[in-house]
Protein chains: 2
Amino acid sequence: MIEKRTPIKVTEAVNRVMAYAREHTYEIVSIEESDGRVLAEDIFANQPIPPFDKSPYDGFAFKAADTNQASQDYAVSFEVVEHIPAGTMSSRTLQHGEAARIMTGAPLPRGADCVAMFEVCQSYEDNEKELMSIKRTIQAGDNVNHKGSETLEGTHLIEKGTYIHPGVKAVLATFGYATVHVSKKPVIGLFTTGTELLDVKDDLVPGKIRNSNGHMIASQIKRAGGEVKMLGTLADDFETSYNAIQETLHEVDMVITTGGVSVGDYDLMPDIYDKLEAEQLFNKVAMRPGSVTTVAVKGDQLLFGLSGNPSACYVGFELFVRPVIQKAMFSKQPYPPKSKAYLTTDFPKPNPFTRFVRSRVFFKDGQLWIEPAGPDKSAVVTSLIETNAFMMLPGGTRGFKKGDRVEVIFLETVYGQKEPWTT
Amino acid sequence: MIEKRTPIKVTEAVNRVMAYAREHTYEIVSIEESDGRVLAEDIFANQPIPPFDKSPYDGFAFKAADTNQASQDYAVSFEVVEHIPAGTMSSRTLQHGEAARIMTGAPLPRGADCVAMFEVCQSYEDNEKELMSIKRTIQAGDNVNHKGSETLEGTHLIEKGTYIHPGVKAVLATFGYATVHVSKKPVIGLFTTGTELLDVKDDLVPGKIRNSNGHMIASQIKRAGGEVKMLGTLADDFETSYNAIQETLHEVDMVITTGGVSVGDYDLMPDIYDKLEAEQLFNKVAMRPGSVTTVAVKGDQLLFGLSGNPSACYVGFELFVRPVIQKAMFSKQPYPPKSKAYLTTDFPKPNPFTRFVRSRVFFKDGQLWIEPAGPDKSAVVTSLIETNAFMMLPGGTRGFKKGDRVEVIFLETVYGQKEPWTT
């Protein structure tokens with residue numbers, strides 16, 4: 001009755017899953033709605049930036065050569081023949097001895113090749129004429145933002161798969177992207193399993209607990225960029241569970257179940273995968289928590305059987321589901337990013353398998369530190385409050401000391417890394 | 001005509017603004033809609049966790065004392081008198097010599113004080129009786145998650161002002177929060193100003209550019225947690241602009257304008273603040289870019305006059321507006337978090353004022369590195385594509401070398417810091 005399962009390494013498990021990860025399709029949204037989405041198109045400059053020679057300051061435009069004789073002792077005078085606010089094209093061509101009063105962002109008038117800022121010019125009137133004088137030489141090109149000097153037309157600016165944040169939106173707006181191609185969010189069907197689970201709005205009854213995994217995973221799906229289809233809780237009954245999962249397959253891109261993957265009498269998922277004729281990619285991973293995490297594939301659809309234990313469920317999602325969602329959305333960096341941090345405290349537990357400790361990373365004195373977020377027991381849900389990272393301790397290690405440098409996997413980030421990490 | 005303005009230090013400017021920052025009100029949303037919001041209530045454990053003595057494994061529950069004589073050479077036998085799946089309360093009290101087959105998460109039956117995992121027990125049948133034997137001693141309390149051992153009833157678990165992420169949602173669900181009090185998003189009225197601005201969907205016409213600041217700031221407002229009320233572009237006309245701003249004050253919590261705060265002929269904001277009888281908190285900050293950033297207050301409403309230059313506008317928002325939005329939402333860490341990173345390249349520019357360089361931070365070999373994100377000219381919008389941080393270079397410094405350690409302000413983070421940084 002106690003089925004023997006052969007654990008595989010975490011990296012191998014990730015690779016087996018990612019072999020089935022596919023880029024999904026796109027949809028078109030308005031620029032206003034594009035925040036936090038992922039670009040499904042490469043963005044090229046469809047015009048030069050700036051689109052015309054333009055003044056970066058408030059000042060006067062004229063021919064630089066007219067200042068050749070200017071010096072502290074000799075002011076050169078110009079007649080100010082027009083005012084050019086931003087947004088206005090001058091209709092005349094400046095001649096020698098003429099200047100245009102020009103505002104920041106305004107286009108240089110024809111005939112002008114430089115700008116002098118107000119601060120170096122003296123404005124005055126004489127005989128009802130508006131005049132300006134300057135006591136220094138100015139070079140052609142000074143204080144001019146030349147057409148195309150920032151970006152040439154045709155430049156490849158932003159890569160498909162890029163997360164859309166305020167800076168990306170500024171560029172999209174500059175180039176007239178009123179609508180944007182973004183990756184369509186993959187739809188993930190989510191079942192929680194277990195007769196013991198109450199709904200969040202139910203009063204507690206003896207022997208039962210409220211379903212926290214459903215809300216947690218739904219939130220993790222959204223954080224990873226996916227769309228959740230909440231399919232409710234399945235009681236520990238084979239036929240009902242099988243039918244529900246089988247029916248949902250044509251409505252969603254992938255399926256997550258929580259619970260039912262261990263070796264208990266009511267752990268139905270392995271048999272359900274068999275009856276679905278889904279191939280199990282693995283059913284045991286050399287990790288803590290979450291060693292019973294099982295992933296199967298039916299056709300091209302992934303079925304993630306996450307553990308019912310809150311932290312195992314949480315870890316299993318971030319390691320195996322998040323990269324698949326990211327890949328579906330065209331991300332070029334689908335894997336959770338890894339770095340190193342100093343451990344704030346002793347962590348004496350030995351690690352027969354690779355251990356993912358729910359942790360909090362933070363900066364102190366310019367260094368990254370990591371501390372376990374509460375008791376490291378897989379059933380302890382409150383440890384997740386402070387969790388923004390995993391401490392990843394390699395299998396075969398015997399405990400760590402305060403000040404040791406350990407590996408950290410970041411969770412609260414919109415950035416990923418290109419290559420999977422190995423452990 | 002060239003008004004003299006007295007620059008104040010960035011820290012002083014931030015403090016003057018934050019003196020008017022107020023906590024706003026709350027609203028009630030369903031737990032499903034609470035992702036990414038900020039808690040407007042403290043969360044206490046309204047029940048112990050676990051709510052009952054429970055088995056963390058699949059195994060057998062019995063009286064530990066019954067194994068006192070067990071050893072490798074002497075198996076103690078139990079009659080398995082019932083099966084307890086998760087979610088089911090046993091109705092009987094176990095007697096000496098009796099065991100209950102118990103599943104992970106199921107409540108311990110009365111009379112039992114320990115659990116032995118399947119792996120250490122031998123199941124068998126004899127004379128149609130279900131039996132189990134064990135060859136080791138088990139202590140009372142072994143493999144039992146005692147009621148309240150994770151969290152005692154009444155424990156203060158999560159602080160008001162906490163960002164709601166998957167771990168927080170797991171805890172909210174555990175304690176039956178079907179609805180959650182979250183901070184109401186402050187509504188920020190956003191005007192862009194400038195006759196030169198075209199809408200994103202307009203074709204380019206000579207001398208004009210598309211409005212990128214509006215979309216950028218709208219996105220920054222959303223990233224900071226606020227709600228945008230897009231009020232369109234104001235042409236450089238005093239009466240129209242004054243009336244539009246004056247009318248919007250009763251509809252929004254604060255107002256942002258971009259442009260119109262410099263000393264050009266069409267820079268109307270200072271006069272508009274005067275006519276509104278709004279007090280200017282400052283109109284010059286010792287920083288680059290964004291030195292002309294002006295903030296005024298009318299009654300208890302802040303009016304942010306950001307520069308029209310894209311990067312100055314971007315920087316001004318993050319330094320002055322973001323903390324006000326965060327404070328409004330009850331955040332206890334309203335300021336953008338700061339740390340240190342190694343510079344990837346020489347940055348030879350001298351810094352007469354504190355300089356905020358749009359930059360990209362990243363981890364390499366466990367260290368934080370920072371590199372400027374493209375040309376550091378305030379009109380260059382494409383530098384924002386890679387920007388996820390500012391490099392903050394103190395005023396009075398003369399340029400930095402590759403490998404120098406510099407200060408970094410993080411932008412793409414849901415976490416902040418409690419105290420403002422000084423510069």
# chains A, B, ... in the order shown; residues from 1 in each chain; ligands from 1
call {"tool": "select_by_dssp", "arguments": {"residues": "stretch 91-228 of chain B", "states": "strand (DSSP E or B)", "output": "NGL selection string"}}
result
:B and (93 or 98-102 or 107 or 110 or 114-117 or 121-126 or 129-134 or 145 or 151 or 156-158 or 163 or 179-183 or 187-193 or 197-198 or 209-210 or 227-228)
call {"tool": "write_last_selection", "arguments": {"atoms": "C-alpha atoms", "output": "PDB file, in the first residue's frame"}}
result
ATOM      1  CA  THR B  93     -12.657   7.147  22.660  1.00  0.00           C
ATOM      2  CA  GLU B  98      -6.735   0.183  20.071  1.00  0.00           C
ATOM      3  CA  ALA B  99      -5.477   2.302  17.182  1.00  0.00           C
ATOM      4  CA  ALA B 100      -7.163   4.550  14.636  1.00  0.00           C
ATOM      5  CA  ARG B 101      -5.967   4.720  11.068  1.00  0.00           C
ATOM      6  CA  ILE B 102      -5.635   8.483  10.605  1.00  0.00           C
ATOM      7  CA  PRO B 107      -8.278  15.343  14.217  1.00  0.00           C
ATOM      8  CA  ARG B 110     -10.173  11.105  22.111  1.00  0.00           C
ATOM      9  CA  CYS B 114       0.409  10.245  19.523  1.00  0.00           C
ATOM     10  CA  VAL B 115       0.660   9.247  15.882  1.00  0.00           C
ATOM     11  CA  ALA B 116       3.026   6.741  14.257  1.00  0.00           C
ATOM     12  CA  MET B 117       3.612   7.132  10.542  1.00  0.00           C
ATOM     13  CA  CYS B 121       3.980   0.322  11.309  1.00  0.00           C
ATOM     14  CA  GLN B 122       3.048  -3.063   9.903  1.00  0.00           C
ATOM     15  CA  SER B 123      -0.579  -3.532   8.858  1.00  0.00           C
ATOM     16  CA  TYR B 124      -2.075  -6.989   8.747  1.00  0.00           C
ATOM     17  CA  GLU B 125      -5.273  -8.910   9.171  1.00  0.00           C
ATOM     18  CA  ASP B 126      -6.015 -11.756  11.499  1.00  0.00           C
ATOM     19  CA  LYS B 129      -9.744  -8.211  12.310  1.00  0.00           C
ATOM     20  CA  GLU B 130      -7.700  -5.284  11.080  1.00  0.00           C
ATOM     21  CA  LEU B 131      -4.474  -5.092  13.047  1.00  0.00           C
ATOM     22  CA  MET B 132      -1.277  -3.061  13.211  1.00  0.00           C
ATOM     23  CA  SER B 133       2.006  -3.720  14.948  1.00  0.00           C
ATOM     24  CA  ILE B 134       4.945  -1.531  15.810  1.00  0.00           C
ATOM     25  CA  ASN B 145       0.117  19.176  15.935  1.00  0.00           C
ATOM     26  CA  THR B 151      -0.905  30.338  16.642  1.00  0.00           C
ATOM     27  CA  HIS B 156      -1.667  39.897  16.479  1.00  0.00           C
ATOM     28  CA  LEU B 157      -0.677  38.486  13.105  1.00  0.00           C
ATOM     29  CA  ILE B 158      -0.651  41.206  10.478  1.00  0.00           C
ATOM     30  CA  TYR B 163       0.625  44.905   1.363  1.00  0.00           C
ATOM     31  CA  THR B 179     -14.180  40.384   3.115  1.00  0.00           C
ATOM     32  CA  VAL B 180     -11.228  42.581   3.965  1.00  0.00           C
ATOM     33  CA  HIS B 181     -10.857  46.187   5.002  1.00  0.00           C
ATOM     34  CA  VAL B 182      -8.358  47.720   2.615  1.00  0.00           C
ATOM     35  CA  SER B 183      -7.213  51.276   2.174  1.00  0.00           C
ATOM     36  CA  VAL B 187      -7.628  59.552  -6.316  1.00  0.00           C
ATOM     37  CA  ILE B 188      -5.050  61.664  -8.061  1.00  0.00           C
ATOM     38  CA  GLY B 189      -6.170  64.141 -10.679  1.00  0.00           C
ATOM     39  CA  LEU B 190      -3.644  64.291 -13.489  1.00  0.00           C
ATOM     40  CA  PHE B 191      -3.255  67.160 -15.966  1.00  0.00           C
ATOM     41  CA  THR B 192      -0.559  67.379 -18.555  1.00  0.00           C
ATOM     42  CA  THR B 193       0.169  70.880 -19.769  1.00  0.00           C
ATOM     43  CA  LEU B 197       1.251  67.833 -26.732  1.00  0.00           C
ATOM     44  CA  LEU B 198      -0.623  65.494 -29.031  1.00  0.00           C
ATOM     45  CA  ILE B 209       5.130  65.614 -29.812  1.00  0.00           C
ATOM     46  CA  ARG B 210       2.906  63.000 -28.311  1.00  0.00           C
ATOM     47  CA  GLU B 227      -6.115  55.681  -8.665  1.00  0.00           C
ATOM     48  CA  VAL B 228      -5.712  58.015 -11.620  1.00  0.00           C
TER      49      VAL B 228
END
call {"tool": "closest_atom_pairs", "arguments": {"of": "chain B", "to": "chain A", "cutoff": "6 Å", "atoms": "only C-alpha atoms", "output": "CSV"}}
result
residue,atom,partner,partner_atom,distance
B:Asp58,CA,A:Gly264,CA,5.8
B:Ala86,CA,A:Glu196,CA,5.3
B:Gly87,CA,A:Glu196,CA,3.4
B:Thr88,CA,A:Gly207,CA,5.6
B:Met89,CA,A:Gly207,CA,5.4
B:Pro107,CA,A:Gly207,CA,5.4
B:Pro166,CA,A:Met216,CA,4.8
B:Gly167,CA,A:Leu384,CA,4.4
B:Val168,CA,A:Ile385,CA,5.1
B:Lys169,CA,A:Met216,CA,5.7
B:Ala170,CA,A:Ser212,CA,4.7
B:Ala173,CA,A:Ser212,CA,4.9
B:Thr174,CA,A:Ser212,CA,5.2
B:Gly176,CA,A:Val200,CA,4.7
B:Ala178,CA,A:Lys201,CA,5.3
B:Thr195,CA,A:Gly87,CA,5.5
B:Glu196,CA,A:Gly87,CA,3.4
B:Val200,CA,A:Gly176,CA,4.7
B:Lys201,CA,A:Ala178,CA,5.3
B:Gly207,CA,A:Gly87,CA,5.0
B:Lys208,CA,A:Gly87,CA,4.8
B:Arg210,CA,A:Thr174,CA,5.4
B:Ser212,CA,A:Ala170,CA,4.7
B:Met216,CA,A:Ala170,CA,4.8
B:Ser219,CA,A:Pro166,CA,4.9
B:Gln220,CA,A:Pro166,CA,5.6
B:Gly264,CA,A:Asp58,CA,5.7
B:Ser339,CA,A:Gly366,CA,4.9
B:Lys340,CA,A:Gly366,CA,4.4
B:Gly366,CA,A:Lys340,CA,4.4
B:Leu384,CA,A:Gly167,CA,4.4
B:Ile385,CA,A:Gly167,CA,5.0
call {"tool": "select_by_dssp", "arguments": {"residues": "stretch 96-337 of chain A", "states": "alpha helix (DSSP H)", "output": "PyMOL selection string"}}
result
chain A and resi 166-174+213-224+238-248+269-275+310-316+322-328
call {"tool": "residues_around", "arguments": {"residues": "A:Asp346", "least_positions_apart": "5", "cutoff": "8 Å", "atoms": "only C-alpha atoms", "output": "JSON, numbers by chain"}}
result
{"A": [399, 400, 401, 402]}
call {"tool": "write_last_selection", "arguments": {"atoms": "all heavy atoms", "output": "mmCIF file, in the first residue's frame"}}
result
data_model
loop_
_atom_site.group_PDB
_atom_site.id
_atom_site.type_symbol
_atom_site.label_atom_id
_atom_site.label_comp_id
_atom_site.auth_asym_id
_atom_site.auth_seq_id
_atom_site.Cartn_x
_atom_site.Cartn_y
_atom_site.Cartn_z
ATOM 1 N N GLY A 399 23.277 21.941 7.931
ATOM 2 C CA GLY A 399 22.883 23.063 8.764
ATOM 3 C C GLY A 399 23.798 24.234 8.494
ATOM 4 O O GLY A 399 24.944 24.065 8.067
ATOM 5 N N PHE A 400 23.283 25.428 8.761
ATOM 6 C CA PHE A 400 24.021 26.651 8.439
ATOM 7 C C PHE A 400 24.090 27.557 9.667
ATOM 8 O O PHE A 400 23.282 27.455 10.576
ATOM 9 C CB PHE A 400 23.351 27.366 7.266
ATOM 10 C CG PHE A 400 23.531 26.628 5.965
ATOM 11 C CD1 PHE A 400 22.708 25.558 5.627
ATOM 12 C CD2 PHE A 400 24.559 26.973 5.099
ATOM 13 C CE1 PHE A 400 22.887 24.859 4.444
ATOM 14 C CE2 PHE A 400 24.752 26.277 3.910
ATOM 15 C CZ PHE A 400 23.913 25.220 3.588
ATOM 16 N N LYS A 401 25.115 28.414 9.637
ATOM 17 C CA LYS A 401 25.371 29.307 10.771
ATOM 18 C C LYS A 401 25.003 30.734 10.391
ATOM 19 O O LYS A 401 25.080 31.120 9.226
ATOM 20 C CB LYS A 401 26.873 29.283 11.111
ATOM 21 C CG LYS A 401 27.372 27.965 11.643
ATOM 22 C CD LYS A 401 27.184 27.901 13.143
ATOM 23 C CE LYS A 401 27.711 26.581 13.698
ATOM 24 N NZ LYS A 401 26.993 26.202 14.930
ATOM 25 N N LYS A 402 24.678 31.493 11.393
ATOM 26 C CA LYS A 402 24.509 32.929 11.239
ATOM 27 C C LYS A 402 25.705 33.515 10.487
ATOM 28 O O LYS A 402 26.853 33.205 10.821
ATOM 29 C CB LYS A 402 24.411 33.557 12.635
ATOM 30 C CG LYS A 402 24.295 35.056 12.638
ATOM 31 C CD LYS A 402 24.114 35.574 14.075
ATOM 32 C CE LYS A 402 24.131 37.100 14.070
ATOM 33 N NZ LYS A 402 23.818 37.645 15.397
#
call {"tool": "residues_around", "arguments": {"residues": "A:Leu268", "least_positions_apart": "4", "cutoff": "12 Å", "atoms": "only C-alpha atoms", "output": "list in words"}}
result
Thr193, Gly194, Leu234, Ala235, Asp236, Asp237, Phe238, Glu239, Thr240, Ser241, Tyr242, Ile245, Thr257, Thr258, Gly259, Gly260, Val261, Ser262, Val263, Gly264, Ile272, Tyr273, Asp274, Lys275, Thr294 and Gly305 of chain A
call {"tool": "residues_around", "arguments": {"residues": "B:Lys332", "least_positions_apart": "6", "cutoff": "8 Å", "atoms": "only C-alpha atoms", "output": "count of residues only"}}
result
4
call {"tool": "atom_distance", "arguments": {"atom1": "atom CA of B:Gln72", "atom2": "atom CA of B:Thr137"}}
result
9.7 Å
call {"tool": "residues_around", "arguments": {"residues": "B:Phe304", "least_positions_apart": "2", "cutoff": "8 Å", "atoms": "only C-alpha atoms", "output": "short mmCIF file (atom, residue, chain, number, x, y, z; two decimals) with N, CA and C atoms, in the first residue's frame"}}
result
data_model
loop_
_atom_site.label_atom_id
_atom_site.label_comp_id
_atom_site.auth_asym_id
_atom_site.auth_seq_id
_atom_site.Cartn_x
_atom_site.Cartn_y
_atom_site.Cartn_z
N MET B 254 -5.71 64.66 -4.54
CA MET B 254 -4.56 65.53 -4.82
C MET B 254 -4.46 65.73 -6.33
N VAL B 255 -3.64 66.68 -6.75
CA VAL B 255 -3.56 67.01 -8.17
C VAL B 255 -2.09 66.98 -8.60
N ILE B 256 -1.87 66.36 -9.73
CA ILE B 256 -0.54 66.43 -10.36
C ILE B 256 -0.69 67.16 -11.68
N THR B 257 0.20 68.10 -11.93
CA THR B 257 0.33 68.66 -13.27
C THR B 257 1.75 68.36 -13.74
N THR B 293 10.78 71.27 -9.82
CA THR B 293 9.61 70.66 -9.19
C THR B 293 9.04 71.60 -8.13
N THR B 294 7.76 71.84 -8.23
CA THR B 294 7.09 72.77 -7.33
C THR B 294 5.93 72.05 -6.67
N VAL B 295 5.82 72.20 -5.36
CA VAL B 295 4.67 71.61 -4.68
C VAL B 295 3.97 72.69 -3.88
N ALA B 296 2.65 72.72 -4.01
CA ALA B 296 1.85 73.71 -3.30
C ALA B 296 0.76 72.98 -2.52
N LEU B 302 -2.69 68.57 -1.62
CA LEU B 302 -1.39 68.81 -2.25
C LEU B 302 -1.55 68.95 -3.76
N LEU B 306 4.94 68.91 -11.35
CA LEU B 306 6.14 68.20 -11.82
C LEU B 306 6.65 68.85 -13.10
N VAL B 321 5.61 62.24 -4.72
CA VAL B 321 4.21 61.81 -4.74
C VAL B 321 4.03 60.41 -4.15
#
call {"tool": "residues_around", "arguments": {"residues": "stretch 20-29 of chain B", "least_positions_apart": "6", "cutoff": "9 Å", "atoms": "only C-alpha atoms", "output": "PyMOL selection string"}}
result
chain B and resi 39-41+178-186+297+300-302+323-331
call {"tool": "decode", "arguments": {"residues": "stretch 181-193 of chain B", "atoms": "N, CA and C atoms", "output": "PDB file, in the first residue's frame"}}
result
ATOM      1  N   HIS B 181     -10.967  44.728   5.005  1.00  0.00           N
ATOM      2  CA  HIS B 181     -10.857  46.187   5.002  1.00  0.00           C
ATOM      3  C   HIS B 181      -9.520  46.562   4.366  1.00  0.00           C
ATOM      4  N   VAL B 182      -9.590  47.263   3.264  1.00  0.00           N
ATOM      5  CA  VAL B 182      -8.358  47.720   2.615  1.00  0.00           C
ATOM      6  C   VAL B 182      -8.409  49.236   2.484  1.00  0.00           C
ATOM      7  N   SER B 183      -7.244  49.826   2.358  1.00  0.00           N
ATOM      8  CA  SER B 183      -7.213  51.276   2.174  1.00  0.00           C
ATOM      9  C   SER B 183      -7.873  51.619   0.844  1.00  0.00           C
ATOM     10  N   LYS B 184      -8.656  52.668   0.879  1.00  0.00           N
ATOM     11  CA  LYS B 184      -9.239  53.175  -0.368  1.00  0.00           C
ATOM     12  C   LYS B 184      -8.112  53.844  -1.141  1.00  0.00           C
ATOM     13  N   LYS B 185      -8.050  53.587  -2.414  1.00  0.00           N
ATOM     14  CA  LYS B 185      -6.966  54.194  -3.190  1.00  0.00           C
ATOM     15  C   LYS B 185      -7.184  55.698  -3.289  1.00  0.00           C
ATOM     16  N   PRO B 186      -6.190  56.481  -2.958  1.00  0.00           N
ATOM     17  CA  PRO B 186      -6.369  57.914  -3.142  1.00  0.00           C
ATOM     18  C   PRO B 186      -6.520  58.230  -4.633  1.00  0.00           C
ATOM     19  N   VAL B 187      -7.378  59.184  -4.919  1.00  0.00           N
ATOM     20  CA  VAL B 187      -7.628  59.552  -6.316  1.00  0.00           C
ATOM     21  C   VAL B 187      -6.779  60.766  -6.659  1.00  0.00           C
ATOM     22  N   ILE B 188      -5.965  60.600  -7.675  1.00  0.00           N
ATOM     23  CA  ILE B 188      -5.050  61.664  -8.061  1.00  0.00           C
ATOM     24  C   ILE B 188      -5.462  62.215  -9.425  1.00  0.00           C
ATOM     25  N   GLY B 189      -5.837  63.464  -9.427  1.00  0.00           N
ATOM     26  CA  GLY B 189      -6.170  64.141 -10.679  1.00  0.00           C
ATOM     27  C   GLY B 189      -4.891  64.461 -11.433  1.00  0.00           C
ATOM     28  N   LEU B 190      -4.874  64.129 -12.708  1.00  0.00           N
ATOM     29  CA  LEU B 190      -3.644  64.291 -13.489  1.00  0.00           C
ATOM     30  C   LEU B 190      -3.894  65.146 -14.734  1.00  0.00           C
ATOM     31  N   PHE B 191      -3.252  66.312 -14.774  1.00  0.00           N
ATOM     32  CA  PHE B 191      -3.255  67.160 -15.966  1.00  0.00           C
ATOM     33  C   PHE B 191      -1.866  67.145 -16.584  1.00  0.00           C
ATOM     34  N   THR B 192      -1.812  67.047 -17.886  1.00  0.00           N
ATOM     35  CA  THR B 192      -0.559  67.379 -18.555  1.00  0.00           C
ATOM     36  C   THR B 192      -0.761  68.769 -19.150  1.00  0.00           C
ATOM     37  N   THR B 193       0.300  69.540 -19.204  1.00  0.00           N
ATOM     38  CA  THR B 193       0.169  70.880 -19.769  1.00  0.00           C
ATOM     39  C   THR B 193       1.132  71.040 -20.936  1.00  0.00           C
TER      40      THR B 193
END
